[in-house]
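Enquirer: Please read through the structure below; I'll follow up with questions.
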Amino acid sequence: METNNPHVLGEAPIGKLLWQYSIPAIIGMTLTSLYNIIDSIFIGHGVGALAITALAITFPLMNLIIAFSTLVGVGGATLSSIRLGQKDVQGAEDILGNVTIMCVVNAVVFGSISLIFLDPILYFFGATEATIGYARDFMRVILLGTPISYVMIGLNNVMRATGYPKKAMLSSMLTVGCNIVFAPIFIFWLGWGMHGAALATILSQFIGMIWVLYHFYSKESYIRFQKKRFRLKKKIIGNVFAIGMSPFVMNVCACCVTIFINNSLLNYGGDLSIGAFGIQNRILILFVMIVMGITMGMQPITGYNYGAQHYDRVKRTLKLGMIAATLITTFGFLIGELVPGMFVGMFTTNDELTAQATVALRFGIAAFPVVGAQIVVTQFFQSIGKAKISIFLSLSRQLLFLLPGLALLPLAYGLNGVWLSMPVSDFLAYAVAALMLAHHYRTKMKVN
């Protein structure tokens, strides 16, 4: 049986399907995480400890960049795959043209406004006189390059959704590979510092963008750029925004929470505490991205079988996904607690930053044995069409538990209270997800 035949989702062994669907997604998500880790490593060793802090200060703005790009990219990808499922190639090409224009317009508007108010934005995000210069140097280049980033990310999503997942994965591999080459040249050999790190990122994305554009200009592509399709249509724009709103809201919330974290760390620990958070965040995200790859592999399997009311296969998929995710995050927990220096040492040789980042990592990874399952359950509800539950579970960790924790725990425990709020919110979010899953099992997925 061919794995691209949708009926195989209801017939083939779950373990085999999960492996086949998850591996490409895991590779793609891991590469995305490595893309950010590489920048941090080169900046930490090539520019300095305060530059690591400056990079962490830019996280909220980078989250906003991702939020606005996914608003268009995810919505466009979903709509284009629906049109192809309806055998409407012209409709899919209309969406492709609209997504391309929307990516450019979105990037120009967002990038211009952010550049005009860049310094006030960075100070609001936690910058000080010691770090503003580094953060400004990095973000000026990134913001000038947003049209490149948006087109590359948006069209890569459409490429994946229109039947070319391996090509989309190769786009990620190409950009990461180029960044590995360019970053040390620009930072170490040419001495361009933060400018160089940002330029390496944008130049790598430019090469990835050329790859994606070539795909959609090629006659071999199932849907292609057509001059007459580059006309904005109100209905398409509305549908794209409606579908992309969920990941947009979640990224905006992540931005808001990061601002609170940065300012709490600045108040209780100073500049290097924000740098420690930056290192911790890069490490944790690596494991989270691997788990997200598993959930992406699960989605078509659970969605198909839930629709067919094959609840035994749905439960089997969910069980295997939770086991795999728990093994991954538990592995991260063990090495993060036992040998944190192995991770932290990749980013910096500064003694004070190393000490703070080690403490931050041990706190941040404390709840990791349950984080994998919590992520899988959250994405499971999305894959079976329960988007509101999925959004609630995604936001519960950040808004219901983390923000109150950041407000209360530092009053009693100071800087450690900031770090402690993270695993506490993870445990509480897991408990809520487990309760909601148990309720869904009892009421909606009884196996006859």
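Starting from 1 in every chain, residues are counted up; chains themselves are A, B, ... following the order of the structure tokens, and ligands are numbered from 1 as listed.
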Any idea what's packed within 12 Å of segment 328-337 of chain A, counting only C-alpha atoms, ignoring anything in its chain fewer than 4 positions away? Could you give it as a ChimeraX atom specification?
Expert: /A:26,280,283-294,321-324,341-344,357-376,423
Enquirer: Within 12 Å of Thr349 of chain A, counting only C-alpha atoms, which residues show up once you throw out same-chain ones fewer than 4 positions away? Write them as number ranges by chain, please.
Expert: A: 41-49, 52, 341-345, 353-355, 357
Enquirer: Pull the helix (DSSP H, G or I) assignments for segment 158-388 of chain A out of DSSP run on the backbone, and list those residues as an MDAnalysis selection string.
Expert: chainID A and resid 158:161 165:189 193:217 227:229 234:268 271:307 311:338 340:344 351:364 368:383 387:388
Enquirer: List as a ChimeraX atom specification the protein and nucleic acid residues near segment 117-134 of chain A, meaning an atom at most 6 Å away when only C-alpha atoms are counted, but skip any in the same chain fewer than 4 places from it.
Expert: /A:51,54,57,259,262-263
Enquirer: Can you write out the residues you just picked, keeping C-alpha atoms, as a JSON list (two decimals), in the first residue's frame?
Expert:
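Now in out-v6.json:
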```json
[["chain", "number", "residue", "atom", "x", "y", "z"],
["A", 51, "ALA", "CA", 25.18, 40.01, 23.01],
["A", 54, "ALA", "CA", 20.54, 41.30, 23.51],
["A", 57, "ILE", "CA", 15.65, 40.75, 24.27],
["A", 259, "ILE", "CA", 8.20, 40.51, 27.64],
["A", 262, "ASN", "CA", 12.50, 39.60, 30.40],
["A", 263, "ASN", "CA", 11.40, 42.47, 32.60]]
```
Enquirer: Calculate how many Å separate atom CA of Pro340 of chain A from atom CA of Met194 of chain A, rounding to one decimal.
Expert: 26.3 Å
Enquirer: Of the candidates A:Ile113, A:Cys253, A:Ala434, A:Val314, which one gets nearest to Pro13 of chain A if we count only C-alpha atoms?
Expert: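 Going through A:Ile113, A:Cys253, A:Ala434, A:Val314 one by one, the smallest distance to Pro13 of chain A is for A:Val314.
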Enquirer: Dump as CSV the rows for residues of segment 120-231 of chain A within 10 Å of segment 68-90 of chain A: closest atom pair and distance in Å with one decimal, only C-alpha atoms counted, ordered by chain and rising residue number.
Expert:
```
residue,atom,partner,partner_atom,distance
A:Thr146,CA,A:Ser69,CA,9.2
A:Pro147,CA,A:Ser69,CA,9.8
A:Ser149,CA,A:Ser69,CA,8.2
A:Tyr150,CA,A:Ser69,CA,5.4
A:Val151,CA,A:Ser69,CA,8.3
A:Met152,CA,A:Ser69,CA,9.5
A:Ile153,CA,A:Gly73,CA,6.8
A:Gly154,CA,A:Gly73,CA,3.9
A:Leu155,CA,A:Gly73,CA,6.8
A:Asn156,CA,A:Gly73,CA,8.0
A:Asn157,CA,A:Ala77,CA,5.6
A:Val158,CA,A:Ala77,CA,4.3
A:Met159,CA,A:Ala77,CA,7.7
A:Arg160,CA,A:Ala77,CA,7.7
A:Ala161,CA,A:Ala77,CA,5.4
A:Thr162,CA,A:Ser81,CA,5.5
A:Gly163,CA,A:Ser81,CA,8.3
A:Tyr222,CA,A:Val89,CA,8.2
A:Ile223,CA,A:Val89,CA,6.6
A:Arg224,CA,A:Val89,CA,9.4
A:Gln226,CA,A:Gln90,CA,9.3
A:Arg229,CA,A:Gln90,CA,8.3
```
Enquirer: Suppose you want the space between atom CA of Ile180 of chain A and atom CA of Phe277 of chain A; what is it in Å?
Expert: 23.1 Å
Enquirer: Point out the residue among A:Gly191, A:Gly303, A:Pro165, A:Gly269 with the least atom-to-atom distance to Ser22 of chain A, counting only C-alpha atoms.
Expert: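 The closest residue to Ser22 of chain A is A:Pro165.
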Enquirer: Env of Ile391 of chain A: 12 Å cut, atoms = only C-alpha atoms, seq-sep filter 4 positions within chain, self excluded. Answer as an NGL selection string.
Expert: :A and (245-251 or 253 or 375 or 377-383 or 385-387 or 395-399 or 433)
Enquirer: Interatomic distance between atom CA of Gly417 of chain A and atom CA of Leu327 of chain A?
Expert: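 Calculated distance between atom CA of Gly417 of chain A and atom CA of Leu327 of chain A is 27.8 Å.
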Enquirer: Set the distance at 6 Å and use only C-alpha atoms: which residues neighbour segment 198-208 of chain A once local chain neighbours fewer than 5 positions away are removed? I'd like the list as a PyMOL selection string.
Expert: chain A and resi 138+141-142+145+148+171+175+178-179+182-183
Enquirer: May I have the selected residues written with N, CA and C atoms, as a CSV table (one decimal), in the first residue's frame?
Expert:
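Generated file (again26.csv):
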```csv
chain,number,residue,atom,x,y,z
A,138,PHE,N,21.3,44.0,15.5
A,138,PHE,CA,20.7,42.7,15.0
A,138,PHE,C,19.4,42.9,14.4
A,141,VAL,N,18.9,44.8,10.7
A,141,VAL,CA,19.1,43.9,9.5
A,141,VAL,C,17.9,42.9,9.4
A,142,ILE,N,17.5,42.3,10.5
A,142,ILE,CA,16.4,41.4,10.4
A,142,ILE,C,15.1,42.0,9.9
A,145,GLY,N,15.1,42.8,6.3
A,145,GLY,CA,15.0,41.5,5.5
A,145,GLY,C,13.7,40.8,5.6
A,148,ILE,N,12.0,39.2,2.6
A,148,ILE,CA,12.6,37.9,2.3
A,148,ILE,C,12.1,36.8,3.2
A,171,SER,N,14.1,22.9,1.9
A,171,SER,CA,14.3,24.4,2.0
A,171,SER,C,14.9,24.7,3.4
A,175,THR,N,18.6,26.5,4.2
A,175,THR,CA,18.8,27.7,4.9
A,175,THR,C,19.7,27.5,6.1
A,178,CYS,N,23.3,27.0,4.9
A,178,CYS,CA,23.9,28.3,4.5
A,178,CYS,C,24.3,29.1,5.7
A,179,ASN,N,23.4,29.1,6.7
A,179,ASN,CA,23.7,29.9,7.9
A,179,ASN,C,24.9,29.4,8.7
A,182,PHE,N,27.8,30.9,6.6
A,182,PHE,CA,27.9,32.4,6.6
A,182,PHE,C,28.2,33.0,8.0
A,183,ALA,N,27.5,32.4,9.0
A,183,ALA,CA,27.6,33.1,10.3
A,183,ALA,C,29.1,33.2,10.8
```
